[in-house]
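Structure record follows, encoded as structure tokens.
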Amino acid sequence: MGDSPSLNLRGLSKKHTTAQICTGRTPFFAATIDPRFSFGLFIPRCHSFTDEPLTILCIIHGTKRQTGGYLSKLQDFCQKLKCALLCPLFPAGIIDPTDLNNYKNILYHDIHFDRILLSMIDQAGRTWNLRTDKVLIHGFSGGGQFVHRFLYLHPERLLGASIGAPGRITPPDDSQPWPHGLGDVSRLFQISLDWNAIRSVPVQVIVGEDDVDSSMLQSAKKLNSAEIEAGSTRKGRAKWLSNSLSSLGISVIYSEIPGVGHDAMKCLPTIEAWLEKILVES
């Protein structure tokens, strides 16, 4: 499967039916690289083909694949900051009908979810007037797992990375194989880690202060050394990851949200504030 022509809105009046359907909260579009996957967007009213391209904010869903909350709750943010929201959908049950976790480790069987996301970004850029060279990215829970691994692999494509409450973590350790470490990244992804580029990306690590229920994490068959050291909770692992990235010279803002457990929407105001700062400064 490969890229093919995309819907192109250039030249259409804003009153055209297609242009109206593709402004605001859009339909979900099949990814041209692989139509098993899709993405939906929120395109703010300010979008124009005659102005500067809009920055893309990518939100990576968690295990339940709930994108609707972000597509609804971030509309005012996108209108205010003049950015487009892109939410990929990586369905459960791809290849293995019982699998829920396919996208989190980036590589699943022969599927490279990093390439799927990058192709979605480029496809959106061919349809709307969007900046595609660098994007902002956030993910919570399973999405946080994806985001910190994507940071290792593609820092040159990121304006900033917000990592929310990841239950499993990949430490920056080249003595362990992926996803328990970074030891075989070049073989698996044909990518050379660029630590200078990684250090140039602002990072937020965020977790609820009460995110200490480890019941959903106990099914993990094998823990890596970082997860053992950090303990069994998302809070402990988020803090460990933040400290580890900081020790390598990466600019990390760590936030624990008081009175909040494992709840993405209750962390969203702090996430929005951090994202706004990055957008204003970029």
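Residues are referred to by chain and number: the chain letter is A, B, ... according to the order shown in the structure tokens, the number counts from 1 in that chain, and ligands are numbered separately from 1 in the order shown.
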
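With only C-alpha atoms taken into account, the protein and nucleic acid residues at most 10 Å from A:Ser48 (excluding it and anything under 4 positions from it in its own chain) are A:Arg10, A:Lys14, A:Pro44, A:Glu52, A:Pro53, A:Leu54, A:Trp128, A:Asn129, A:Leu130.
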
Once you have the residues from the selection above, write them out as a compact mmCIF listing (two decimals), in the first residue's frame, restricted to C-alpha atoms.
```txt
# COMPACT_ATOMS: atom_id res chain seq x y z
CA ARG A 10 -7.59 24.55 -2.80
CA LYS A 14 -15.61 28.61 1.69
CA PRO A 44 -10.49 26.29 12.66
CA GLU A 52 0.45 31.05 6.51
CA PRO A 53 -0.03 27.29 6.96
CA LEU A 54 -1.57 26.27 10.27
CA TRP A 128 -5.60 21.72 3.81
CA ASN A 129 -3.02 24.51 4.14
CA LEU A 130 -1.10 22.98 7.05
```

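With only C-alpha atoms taken into account, the protein and nucleic acid residues at most 8 Å from A:Gly139 (excluding it and anything under 2 positions from it in its own chain) are A:Ile59, A:Ile60, A:His61, A:Gly62, A:Ile137, A:Ser141, A:Gly142, A:Gly143, A:Gly144, A:Gln145, A:Phe146, A:Val147, A:Ser162, A:Ile163, A:Gly164.
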
For the selection you just gave me, I'd like the residues written to a file as a PDB file, in the first residue's frame, keeping C-alpha atoms.
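See result_31.pdb below for the written result:
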```
ATOM      1  CA  ILE A  59      -3.370  13.786  19.677  1.00  0.00           C
ATOM      2  CA  ILE A  60      -2.677  10.063  20.076  1.00  0.00           C
ATOM      3  CA  HIS A  61      -5.538   8.167  21.692  1.00  0.00           C
ATOM      4  CA  GLY A  62      -5.329   5.700  24.548  1.00  0.00           C
ATOM      5  CA  ILE A 137       2.115  15.937  19.669  1.00  0.00           C
ATOM      6  CA  SER A 141      -1.863   6.582  28.729  1.00  0.00           C
ATOM      7  CA  GLY A 142      -1.357   4.330  25.683  1.00  0.00           C
ATOM      8  CA  GLY A 143      -0.935   7.520  23.684  1.00  0.00           C
ATOM      9  CA  GLY A 144       1.797   8.621  26.090  1.00  0.00           C
ATOM     10  CA  GLN A 145       3.602   5.375  25.375  1.00  0.00           C
ATOM     11  CA  PHE A 146       3.472   6.121  21.648  1.00  0.00           C
ATOM     12  CA  VAL A 147       4.557   9.749  22.041  1.00  0.00           C
ATOM     13  CA  SER A 162       3.563  16.115  25.685  1.00  0.00           C
ATOM     14  CA  ILE A 163       3.712  12.689  27.345  1.00  0.00           C
ATOM     15  CA  GLY A 164       0.742  11.818  29.543  1.00  0.00           C
TER      16      GLY A 164
END
```

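Minimum atom-to-atom distance to A:Gln176, evaluated using only C-alpha atoms, belongs to A:Leu223 out of A:Leu223, A:Thr55, A:Asn102, A:Leu41.
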
query = Could you write out, as a VMD selection string, all the residues of stretch 224-254 of chain A that DSSP marks as alpha helix (DSSP H)?
reply = chain A and resid 225 to 230 234 to 247

Save out the residues we just selected, all heavy atoms, as a compact mmCIF listing (two decimals), in the first residue's frame.
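So the final result, stored in again17.txt, reads:
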```txt
# COMPACT_ATOMS: atom_id res chain seq x y z
N SER A 225 14.06 -2.90 33.02
CA SER A 225 14.74 -2.47 34.24
C SER A 225 14.22 -1.13 34.75
O SER A 225 14.13 -0.90 35.96
CB SER A 225 16.25 -2.38 33.99
OG SER A 225 16.54 -1.47 32.93
N ALA A 226 13.84 -0.24 33.83
CA ALA A 226 13.32 1.07 34.23
C ALA A 226 11.99 0.92 34.95
O ALA A 226 11.73 1.59 35.96
CB ALA A 226 13.18 1.98 33.02
N GLU A 227 11.12 0.07 34.42
CA GLU A 227 9.80 -0.13 35.02
C GLU A 227 9.91 -0.77 36.41
O GLU A 227 9.17 -0.43 37.33
CB GLU A 227 8.93 -0.96 34.09
CG GLU A 227 8.57 -0.22 32.82
CD GLU A 227 8.03 -1.10 31.71
OE1 GLU A 227 8.24 -2.34 31.78
OE2 GLU A 227 7.41 -0.56 30.78
N ILE A 228 10.86 -1.68 36.55
CA ILE A 228 11.09 -2.30 37.86
C ILE A 228 11.58 -1.25 38.86
O ILE A 228 11.09 -1.16 39.99
CB ILE A 228 12.10 -3.45 37.74
CG1 ILE A 228 11.49 -4.60 36.92
CG2 ILE A 228 12.53 -3.95 39.12
CD1 ILE A 228 12.48 -5.67 36.54
N GLU A 229 12.51 -0.42 38.42
CA GLU A 229 13.06 0.62 39.30
C GLU A 229 12.02 1.68 39.64
O GLU A 229 11.95 2.17 40.78
CB GLU A 229 14.27 1.27 38.63
CG GLU A 229 14.94 2.34 39.47
CD GLU A 229 16.15 2.95 38.77
OE1 GLU A 229 16.81 2.22 37.98
OE2 GLU A 229 16.43 4.13 39.00
N ALA A 230 11.17 2.04 38.65
CA ALA A 230 10.19 3.11 38.84
C ALA A 230 9.00 2.68 39.69
O ALA A 230 8.31 3.53 40.26
CB ALA A 230 9.70 3.61 37.49
N ARG A 234 1.68 4.32 37.16
CA ARG A 234 1.92 5.29 36.10
C ARG A 234 2.60 6.54 36.66
O ARG A 234 3.46 7.13 35.99
CB ARG A 234 0.63 5.66 35.39
CG ARG A 234 -0.01 4.50 34.63
CD ARG A 234 -1.28 4.97 33.93
NE ARG A 234 -1.95 3.88 33.23
CZ ARG A 234 -2.85 3.08 33.77
NH1 ARG A 234 -3.17 3.25 35.05
NH2 ARG A 234 -3.42 2.12 33.07
N LYS A 235 2.22 6.94 37.85
CA LYS A 235 2.84 8.10 38.47
C LYS A 235 4.34 7.88 38.65
O LYS A 235 5.15 8.74 38.29
CB LYS A 235 2.18 8.39 39.82
CG LYS A 235 2.80 9.55 40.59
CD LYS A 235 2.08 9.75 41.92
CE LYS A 235 2.77 10.77 42.80
NZ LYS A 235 2.07 10.95 44.10
N GLY A 236 4.72 6.74 39.18
CA GLY A 236 6.14 6.45 39.38
C GLY A 236 6.90 6.36 38.08
O GLY A 236 8.04 6.84 37.97
N ARG A 237 6.28 5.77 37.07
CA ARG A 237 6.96 5.61 35.79
C ARG A 237 7.06 6.94 35.03
O ARG A 237 8.06 7.19 34.35
CB ARG A 237 6.25 4.53 34.96
CG ARG A 237 6.41 3.16 35.61
CD ARG A 237 5.67 2.05 34.90
NE ARG A 237 5.82 0.80 35.64
CZ ARG A 237 5.31 -0.37 35.27
NH1 ARG A 237 4.59 -0.45 34.15
NH2 ARG A 237 5.50 -1.45 36.01
N ALA A 238 6.04 7.78 35.14
CA ALA A 238 6.12 9.11 34.53
C ALA A 238 7.24 9.91 35.16
O ALA A 238 8.03 10.57 34.45
CB ALA A 238 4.79 9.84 34.68
N LYS A 239 7.35 9.87 36.48
CA LYS A 239 8.41 10.61 37.18
C LYS A 239 9.78 10.06 36.80
O LYS A 239 10.72 10.84 36.55
CB LYS A 239 8.20 10.50 38.69
CG LYS A 239 9.22 11.27 39.52
CD LYS A 239 9.14 12.77 39.29
CE LYS A 239 10.02 13.55 40.24
NZ LYS A 239 10.01 15.00 39.96
N TRP A 240 9.90 8.75 36.71
CA TRP A 240 11.18 8.14 36.32
C TRP A 240 11.57 8.59 34.92
O TRP A 240 12.73 8.96 34.68
CB TRP A 240 11.07 6.62 36.37
CG TRP A 240 12.41 5.92 36.23
CD1 TRP A 240 13.18 5.42 37.23
CD2 TRP A 240 13.13 5.68 35.01
NE1 TRP A 240 14.34 4.87 36.72
CE2 TRP A 240 14.33 5.02 35.35
CE3 TRP A 240 12.89 5.94 33.67
CZ2 TRP A 240 15.29 4.63 34.42
CZ3 TRP A 240 13.84 5.57 32.72
CH2 TRP A 240 15.01 4.92 33.10
N LEU A 241 10.62 8.54 33.99
CA LEU A 241 10.92 8.93 32.61
C LEU A 241 11.32 10.39 32.54
O LEU A 241 12.29 10.75 31.85
CB LEU A 241 9.69 8.68 31.73
CG LEU A 241 9.86 9.01 30.25
CD1 LEU A 241 10.93 8.12 29.60
CD2 LEU A 241 8.53 8.86 29.51
N SER A 242 10.61 11.26 33.26
CA SER A 242 10.94 12.68 33.28
C SER A 242 12.36 12.90 33.78
O SER A 242 13.15 13.64 33.16
CB SER A 242 9.95 13.43 34.16
OG SER A 242 10.30 14.78 34.30
N ASN A 243 12.71 12.26 34.88
CA ASN A 243 14.06 12.43 35.43
C ASN A 243 15.13 11.90 34.48
O ASN A 243 16.20 12.50 34.33
CB ASN A 243 14.17 11.71 36.78
CG ASN A 243 13.37 12.40 37.87
OD1 ASN A 243 13.04 13.57 37.77
ND2 ASN A 243 13.05 11.66 38.93
N SER A 244 14.83 10.78 33.84
CA SER A 244 15.80 10.18 32.93
C SER A 244 16.05 11.08 31.72
O SER A 244 17.20 11.30 31.31
CB SER A 244 15.31 8.81 32.48
OG SER A 244 16.24 8.19 31.64
N LEU A 245 14.98 11.61 31.14
CA LEU A 245 15.14 12.51 29.99
C LEU A 245 15.86 13.78 30.40
O LEU A 245 16.73 14.28 29.67
CB LEU A 245 13.77 12.82 29.39
CG LEU A 245 13.00 11.64 28.78
CD1 LEU A 245 11.62 12.09 28.29
CD2 LEU A 245 13.77 10.98 27.64
N SER A 246 15.51 14.32 31.55
CA SER A 246 16.17 15.54 32.04
C SER A 246 17.66 15.33 32.23
O SER A 246 18.47 16.23 31.94
CB SER A 246 15.54 16.00 33.35
OG SER A 246 14.20 16.40 33.17
N SER A 247 18.04 14.15 32.71
CA SER A 247 19.46 13.87 32.97
C SER A 247 20.28 13.85 31.69
O SER A 247 21.51 13.99 31.74
CB SER A 247 19.61 12.54 33.71
OG SER A 247 19.33 11.44 32.85
```

Taking the DSSP secondary structure from the backbone, can you list the residues of stretch 23-240 of chain A that are strand (DSSP E or B), as a compact mmCIF listing (two decimals) with all heavy atoms, in the first residue's frame?
```txt
# COMPACT_ATOMS: atom_id res chain seq x y z
N GLY A 24 -14.10 22.98 10.59
CA GLY A 24 -14.61 22.56 11.88
C GLY A 24 -14.25 21.10 12.09
O GLY A 24 -13.19 20.63 11.68
N ARG A 25 -15.15 20.37 12.72
CA ARG A 25 -14.90 18.94 12.96
C ARG A 25 -15.18 18.17 11.68
O ARG A 25 -16.31 18.15 11.18
CB ARG A 25 -15.75 18.45 14.11
CG ARG A 25 -15.43 17.04 14.54
CD ARG A 25 -16.05 16.73 15.90
NE ARG A 25 -15.92 15.33 16.23
CZ ARG A 25 -16.27 14.79 17.40
NH1 ARG A 25 -16.79 15.57 18.34
NH2 ARG A 25 -16.12 13.52 17.64
N PHE A 29 -11.03 10.35 7.72
CA PHE A 29 -10.53 10.00 6.40
C PHE A 29 -9.66 8.75 6.49
O PHE A 29 -8.83 8.63 7.40
CB PHE A 29 -9.70 11.15 5.82
CG PHE A 29 -10.51 12.35 5.45
CD1 PHE A 29 -10.79 13.33 6.40
CD2 PHE A 29 -11.02 12.50 4.17
CE1 PHE A 29 -11.55 14.44 6.07
CE2 PHE A 29 -11.78 13.61 3.83
CZ PHE A 29 -12.05 14.58 4.79
N ALA A 30 -9.83 7.84 5.55
CA ALA A 30 -8.95 6.69 5.47
C ALA A 30 -7.55 7.16 5.11
O ALA A 30 -7.37 8.06 4.28
CB ALA A 30 -9.46 5.70 4.42
N SER A 38 -7.26 5.52 10.05
CA SER A 38 -7.94 6.73 9.62
C SER A 38 -7.62 7.87 10.57
O SER A 38 -6.98 7.67 11.61
CB SER A 38 -9.46 6.51 9.55
OG SER A 38 -9.96 6.13 10.83
N PHE A 39 -8.08 9.06 10.21
CA PHE A 39 -7.84 10.22 11.06
C PHE A 39 -8.95 11.24 10.86
O PHE A 39 -9.51 11.38 9.78
CB PHE A 39 -6.47 10.86 10.78
CG PHE A 39 -6.29 11.36 9.37
CD1 PHE A 39 -6.52 12.69 9.04
CD2 PHE A 39 -5.88 10.50 8.35
CE1 PHE A 39 -6.36 13.15 7.75
CE2 PHE A 39 -5.71 10.95 7.05
CZ PHE A 39 -5.95 12.29 6.74
N GLY A 40 -9.27 11.92 11.96
CA GLY A 40 -10.22 13.02 11.92
C GLY A 40 -9.53 14.30 12.36
O GLY A 40 -8.50 14.26 13.05
N LEU A 41 -10.08 15.43 11.99
CA LEU A 41 -9.47 16.71 12.30
C LEU A 41 -10.49 17.70 12.83
O LEU A 41 -11.70 17.54 12.63
CB LEU A 41 -8.80 17.32 11.08
CG LEU A 41 -7.69 16.54 10.39
CD1 LEU A 41 -8.25 15.77 9.21
CD2 LEU A 41 -6.56 17.45 9.95
N PHE A 42 -9.97 18.74 13.45
CA PHE A 42 -10.72 19.97 13.66
C PHE A 42 -9.94 21.07 12.96
O PHE A 42 -8.77 21.32 13.28
CB PHE A 42 -10.90 20.32 15.14
CG PHE A 42 -11.67 21.59 15.32
CD1 PHE A 42 -13.05 21.60 15.23
CD2 PHE A 42 -11.01 22.80 15.52
CE1 PHE A 42 -13.76 22.79 15.35
CE2 PHE A 42 -11.72 23.99 15.64
CZ PHE A 42 -13.10 23.98 15.57
N ILE A 43 -10.58 21.70 11.97
CA ILE A 43 -9.97 22.78 11.20
C ILE A 43 -10.62 24.09 11.61
O ILE A 43 -11.83 24.27 11.41
CB ILE A 43 -10.14 22.55 9.68
CG1 ILE A 43 -9.52 21.22 9.25
CG2 ILE A 43 -9.54 23.71 8.90
CD1 ILE A 43 -8.02 21.14 9.40
N LEU A 54 -1.28 26.48 8.86
CA LEU A 54 -1.57 26.27 10.27
C LEU A 54 -0.70 25.14 10.83
O LEU A 54 -0.43 24.15 10.15
CB LEU A 54 -3.04 25.89 10.47
CG LEU A 54 -4.09 26.86 9.96
CD1 LEU A 54 -5.48 26.32 10.29
CD2 LEU A 54 -3.90 28.24 10.56
N THR A 55 -0.28 25.29 12.09
CA THR A 55 0.44 24.22 12.78
C THR A 55 -0.53 23.10 13.12
O THR A 55 -1.70 23.34 13.44
CB THR A 55 1.09 24.77 14.07
OG1 THR A 55 2.05 25.76 13.71
CG2 THR A 55 1.78 23.66 14.85
N ILE A 56 -0.05 21.87 13.06
CA ILE A 56 -0.85 20.69 13.41
C ILE A 56 -0.54 20.26 14.84
O ILE A 56 0.64 20.14 15.22
CB ILE A 56 -0.56 19.52 12.45
CG1 ILE A 56 -0.96 19.87 11.02
CG2 ILE A 56 -1.29 18.26 12.92
CD1 ILE A 56 -0.55 18.82 9.99
N LEU A 57 -1.57 20.01 15.61
CA LEU A 57 -1.46 19.36 16.91
C LEU A 57 -2.01 17.95 16.75
O LEU A 57 -3.19 17.76 16.46
CB LEU A 57 -2.26 20.13 17.97
CG LEU A 57 -2.52 19.41 19.30
CD1 LEU A 57 -1.22 19.03 19.99
CD2 LEU A 57 -3.40 20.25 20.21
N CYS A 58 -1.15 16.96 16.93
CA CYS A 58 -1.55 15.55 16.85
C CYS A 58 -1.86 15.04 18.25
O CYS A 58 -1.05 15.22 19.17
CB CYS A 58 -0.44 14.69 16.26
SG CYS A 58 -0.04 15.04 14.55
N ILE A 59 -3.01 14.41 18.41
CA ILE A 59 -3.37 13.79 19.68
C ILE A 59 -3.47 12.28 19.46
O ILE A 59 -4.25 11.82 18.61
CB ILE A 59 -4.72 14.31 20.21
CG1 ILE A 59 -4.67 15.82 20.42
CG2 ILE A 59 -5.08 13.57 21.50
CD1 ILE A 59 -3.88 16.27 21.62
N ILE A 60 -2.69 11.52 20.21
CA ILE A 60 -2.68 10.06 20.08
C ILE A 60 -3.57 9.47 21.17
O ILE A 60 -3.35 9.70 22.35
CB ILE A 60 -1.24 9.51 20.19
CG1 ILE A 60 -0.29 10.26 19.25
CG2 ILE A 60 -1.24 8.01 19.89
CD1 ILE A 60 -0.66 10.20 17.79
N CYS A 83 -4.54 26.70 15.14
CA CYS A 83 -3.88 25.45 14.80
C CYS A 83 -4.93 24.42 14.44
O CYS A 83 -6.11 24.55 14.79
CB CYS A 83 -2.99 24.96 15.94
SG CYS A 83 -3.88 24.46 17.43
N ALA A 84 -4.50 23.39 13.72
CA ALA A 84 -5.39 22.30 13.33
C ALA A 84 -5.14 21.10 14.25
O ALA A 84 -4.00 20.82 14.61
CB ALA A 84 -5.13 21.91 11.88
N LEU A 85 -6.20 20.41 14.61
CA LEU A 85 -6.11 19.22 15.45
C LEU A 85 -6.25 17.99 14.58
O LEU A 85 -7.20 17.89 13.79
CB LEU A 85 -7.21 19.26 16.50
CG LEU A 85 -7.33 18.06 17.44
CD1 LEU A 85 -6.09 17.92 18.30
CD2 LEU A 85 -8.57 18.20 18.32
N LEU A 86 -5.32 17.06 14.71
CA LEU A 86 -5.36 15.80 13.95
C LEU A 86 -5.34 14.64 14.94
O LEU A 86 -4.42 14.51 15.75
CB LEU A 86 -4.18 15.71 12.99
CG LEU A 86 -4.16 14.52 12.01
CD1 LEU A 86 -3.38 14.89 10.73
CD2 LEU A 86 -3.54 13.27 12.62
N CYS A 87 -6.39 13.80 14.86
CA CYS A 87 -6.50 12.64 15.75
C CYS A 87 -6.51 11.37 14.92
O CYS A 87 -7.52 11.05 14.27
CB CYS A 87 -7.79 12.72 16.56
SG CYS A 87 -7.86 14.07 17.75
N PRO A 88 -5.41 10.62 14.92
CA PRO A 88 -5.42 9.34 14.21
C PRO A 88 -6.25 8.31 14.96
O PRO A 88 -6.42 8.40 16.18
CB PRO A 88 -3.94 8.94 14.19
CG PRO A 88 -3.34 9.63 15.36
CD PRO A 88 -4.11 10.90 15.54
N LEU A 89 -6.76 7.34 14.24
CA LEU A 89 -7.45 6.20 14.83
C LEU A 89 -6.72 4.93 14.41
O LEU A 89 -6.69 4.59 13.22
CB LEU A 89 -8.91 6.14 14.39
CG LEU A 89 -9.71 4.93 14.87
CD1 LEU A 89 -9.73 4.87 16.41
CD2 LEU A 89 -11.13 4.95 14.32
N LEU A 107 6.15 -0.33 16.49
CA LEU A 107 6.32 -1.44 15.55
C LEU A 107 5.47 -2.61 16.01
O LEU A 107 5.60 -3.09 17.14
CB LEU A 107 7.79 -1.84 15.47
CG LEU A 107 8.13 -3.01 14.53
CD1 LEU A 107 7.77 -2.65 13.09
CD2 LEU A 107 9.61 -3.36 14.64
N TYR A 108 4.61 -3.09 15.10
CA TYR A 108 3.72 -4.22 15.40
C TYR A 108 3.66 -5.10 14.17
O TYR A 108 3.16 -4.68 13.12
CB TYR A 108 2.33 -3.71 15.78
CG TYR A 108 1.31 -4.80 16.04
CD1 TYR A 108 1.35 -5.56 17.21
CD2 TYR A 108 0.30 -5.06 15.12
CE1 TYR A 108 0.42 -6.55 17.44
CE2 TYR A 108 -0.64 -6.04 15.35
CZ TYR A 108 -0.58 -6.79 16.52
OH TYR A 108 -1.51 -7.78 16.76
N ILE A 111 3.87 -3.54 10.69
CA ILE A 111 3.29 -2.20 10.65
C ILE A 111 4.15 -1.23 11.44
O ILE A 111 4.42 -1.45 12.63
CB ILE A 111 1.86 -2.19 11.24
CG1 ILE A 111 0.97 -3.18 10.49
CG2 ILE A 111 1.27 -0.78 11.17
CD1 ILE A 111 -0.40 -3.37 11.13
N HIS A 112 4.58 -0.17 10.79
CA HIS A 112 5.34 0.90 11.44
C HIS A 112 4.37 2.05 11.68
O HIS A 112 4.07 2.83 10.77
CB HIS A 112 6.50 1.36 10.56
CG HIS A 112 7.63 0.37 10.49
ND1 HIS A 112 8.83 0.57 11.12
CD2 HIS A 112 7.73 -0.82 9.86
CE1 HIS A 112 9.64 -0.45 10.89
NE2 HIS A 112 8.98 -1.31 10.12
N LEU A 130 -1.65 23.32 5.75
CA LEU A 130 -1.10 22.98 7.05
C LEU A 130 0.41 22.81 6.97
O LEU A 130 0.94 22.32 5.98
CB LEU A 130 -1.72 21.67 7.57
CG LEU A 130 -3.25 21.59 7.60
CD1 LEU A 130 -3.70 20.21 8.05
CD2 LEU A 130 -3.83 22.67 8.50
N VAL A 135 5.37 19.23 13.89
CA VAL A 135 4.06 19.25 14.52
C VAL A 135 4.22 19.20 16.04
O VAL A 135 5.28 18.85 16.56
CB VAL A 135 3.19 18.05 14.07
CG1 VAL A 135 3.02 18.05 12.56
CG2 VAL A 135 3.78 16.72 14.55
N LEU A 136 3.15 19.55 16.74
CA LEU A 136 3.05 19.29 18.17
C LEU A 136 2.37 17.95 18.36
O LEU A 136 1.50 17.56 17.55
CB LEU A 136 2.21 20.37 18.85
CG LEU A 136 2.91 21.67 19.25
CD1 LEU A 136 1.86 22.69 19.67
CD2 LEU A 136 3.90 21.43 20.39
N ILE A 137 2.73 17.24 19.44
CA ILE A 137 2.12 15.94 19.67
C ILE A 137 1.86 15.73 21.15
O ILE A 137 2.66 16.14 22.00
CB ILE A 137 3.00 14.80 19.10
CG1 ILE A 137 2.25 13.47 19.06
CG2 ILE A 137 4.30 14.67 19.86
CD1 ILE A 137 2.96 12.39 18.25
N HIS A 138 0.71 15.16 21.45
CA HIS A 138 0.36 14.77 22.83
C HIS A 138 -0.32 13.42 22.80
O HIS A 138 -1.07 13.10 21.88
CB HIS A 138 -0.59 15.78 23.48
CG HIS A 138 -1.22 15.24 24.74
ND1 HIS A 138 -0.52 15.10 25.92
CD2 HIS A 138 -2.48 14.76 24.99
CE1 HIS A 138 -1.30 14.56 26.84
NE2 HIS A 138 -2.49 14.36 26.31
N GLY A 139 -0.05 12.63 23.82
CA GLY A 139 -0.77 11.38 24.01
C GLY A 139 -0.84 11.06 25.49
O GLY A 139 0.07 11.40 26.26
N PHE A 140 -1.94 10.43 25.89
CA PHE A 140 -2.16 10.10 27.30
C PHE A 140 -2.36 8.60 27.43
O PHE A 140 -3.03 7.98 26.61
CB PHE A 140 -3.40 10.85 27.81
CG PHE A 140 -3.57 10.84 29.31
CD1 PHE A 140 -2.99 11.83 30.09
CD2 PHE A 140 -4.28 9.83 29.94
CE1 PHE A 140 -3.13 11.82 31.48
CE2 PHE A 140 -4.44 9.81 31.31
CZ PHE A 140 -3.86 10.81 32.09
N LEU A 158 9.22 17.37 15.32
CA LEU A 158 8.43 17.80 16.47
C LEU A 158 8.77 19.22 16.92
O LEU A 158 9.94 19.56 17.09
CB LEU A 158 8.64 16.84 17.64
CG LEU A 158 8.15 15.41 17.43
CD1 LEU A 158 8.47 14.55 18.64
CD2 LEU A 158 6.65 15.39 17.14
N LEU A 159 7.72 20.02 17.15
CA LEU A 159 7.86 21.30 17.84
C LEU A 159 7.84 21.11 19.35
O LEU A 159 8.39 21.92 20.10
CB LEU A 159 6.70 22.23 17.44
CG LEU A 159 6.69 22.77 16.02
CD1 LEU A 159 5.35 23.43 15.73
CD2 LEU A 159 7.83 23.76 15.82
N GLY A 160 7.19 20.08 19.81
CA GLY A 160 7.09 19.77 21.23
C GLY A 160 6.37 18.46 21.40
O GLY A 160 5.58 18.04 20.53
N ALA A 161 6.64 17.78 22.53
CA ALA A 161 6.03 16.48 22.80
C ALA A 161 5.50 16.46 24.23
O ALA A 161 6.26 16.68 25.17
CB ALA A 161 7.05 15.36 22.59
N SER A 162 4.21 16.20 24.38
CA SER A 162 3.56 16.12 25.68
C SER A 162 3.22 14.66 25.96
O SER A 162 2.44 14.04 25.23
CB SER A 162 2.30 16.98 25.71
OG SER A 162 1.57 16.78 26.90
N ILE A 163 3.80 14.12 27.03
CA ILE A 163 3.71 12.69 27.34
C ILE A 163 2.85 12.54 28.59
O ILE A 163 3.23 12.96 29.68
CB ILE A 163 5.11 12.11 27.60
CG1 ILE A 163 6.02 12.32 26.38
CG2 ILE A 163 5.03 10.62 27.97
CD1 ILE A 163 7.50 12.16 26.70
N GLY A 164 1.67 11.94 28.43
CA GLY A 164 0.74 11.82 29.54
C GLY A 164 0.67 10.41 30.10
O GLY A 164 0.31 9.47 29.38
N VAL A 203 9.69 19.15 26.09
CA VAL A 203 8.91 17.98 26.49
C VAL A 203 8.13 18.30 27.76
O VAL A 203 8.64 18.94 28.68
CB VAL A 203 9.84 16.76 26.74
CG1 VAL A 203 9.06 15.60 27.34
CG2 VAL A 203 10.52 16.34 25.44
N GLN A 204 6.89 17.86 27.78
CA GLN A 204 6.08 17.86 28.99
C GLN A 204 5.80 16.42 29.38
O GLN A 204 5.42 15.60 28.53
CB GLN A 204 4.75 18.59 28.75
CG GLN A 204 3.81 18.57 29.95
CD GLN A 204 2.42 19.09 29.63
OE1 GLN A 204 1.80 18.67 28.65
NE2 GLN A 204 1.93 20.04 30.42
N VAL A 205 5.98 16.10 30.65
CA VAL A 205 5.52 14.82 31.20
C VAL A 205 4.48 15.15 32.25
O VAL A 205 4.75 15.93 33.18
CB VAL A 205 6.67 14.00 31.80
CG1 VAL A 205 6.14 12.70 32.41
CG2 VAL A 205 7.74 13.69 30.74
N ILE A 206 3.28 14.59 32.11
CA ILE A 206 2.17 14.96 32.99
C ILE A 206 1.45 13.70 33.47
O ILE A 206 1.30 12.73 32.72
CB ILE A 206 1.21 15.92 32.27
CG1 ILE A 206 0.13 16.43 33.23
CG2 ILE A 206 0.62 15.30 31.02
CD1 ILE A 206 -0.65 17.62 32.69
N VAL A 207 1.02 13.74 34.74
CA VAL A 207 0.35 12.60 35.33
C VAL A 207 -0.49 13.09 36.50
O VAL A 207 -0.18 14.13 37.12
CB VAL A 207 1.38 11.54 35.80
CG1 VAL A 207 2.22 12.06 36.97
CG2 VAL A 207 0.74 10.21 36.15
N GLY A 208 -1.56 12.40 36.80
CA GLY A 208 -2.35 12.74 37.97
C GLY A 208 -1.62 12.36 39.25
O GLY A 208 -0.97 11.32 39.33
```

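The nearest approach to A:Gly69 among the residues A:Asp211, A:Ala264, A:Pro35, A:Trp274, with only C-alpha atoms taken into account, belongs to A:Ala264.
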
List the neighbours of A:Arg65 out to 9 Å using only C-alpha atoms; skip same-chain residues closer than 6 positions along the sequence, and give me the result as a PyMOL selection string. chain A and resi 89-92

If you keep all heavy atoms, can you produce a file of those selected residues as a compact mmCIF listing (two decimals), in the first residue's frame?
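New file out31.txt:
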```txt
# COMPACT_ATOMS: atom_id res chain seq x y z
N LEU A 89 -6.76 7.34 14.24
CA LEU A 89 -7.45 6.20 14.83
C LEU A 89 -6.72 4.93 14.41
O LEU A 89 -6.69 4.59 13.22
CB LEU A 89 -8.91 6.14 14.39
CG LEU A 89 -9.71 4.93 14.87
CD1 LEU A 89 -9.73 4.87 16.41
CD2 LEU A 89 -11.13 4.95 14.32
N PHE A 90 -6.12 4.28 15.38
CA PHE A 90 -5.43 3.01 15.17
C PHE A 90 -6.30 1.91 15.77
O PHE A 90 -6.22 1.64 16.97
CB PHE A 90 -4.05 3.02 15.85
CG PHE A 90 -3.14 4.13 15.39
CD1 PHE A 90 -2.48 4.93 16.32
CD2 PHE A 90 -2.92 4.37 14.05
CE1 PHE A 90 -1.62 5.94 15.91
CE2 PHE A 90 -2.06 5.38 13.63
CZ PHE A 90 -1.41 6.17 14.56
N PRO A 91 -7.17 1.28 14.99
CA PRO A 91 -8.15 0.35 15.57
C PRO A 91 -7.49 -0.82 16.30
O PRO A 91 -6.39 -1.27 15.94
CB PRO A 91 -8.92 -0.15 14.35
CG PRO A 91 -8.71 0.89 13.31
CD PRO A 91 -7.33 1.42 13.54
N ALA A 92 -8.20 -1.32 17.32
CA ALA A 92 -7.80 -2.58 17.94
C ALA A 92 -8.09 -3.73 16.97
O ALA A 92 -8.87 -3.59 16.03
CB ALA A 92 -8.56 -2.77 19.25
```
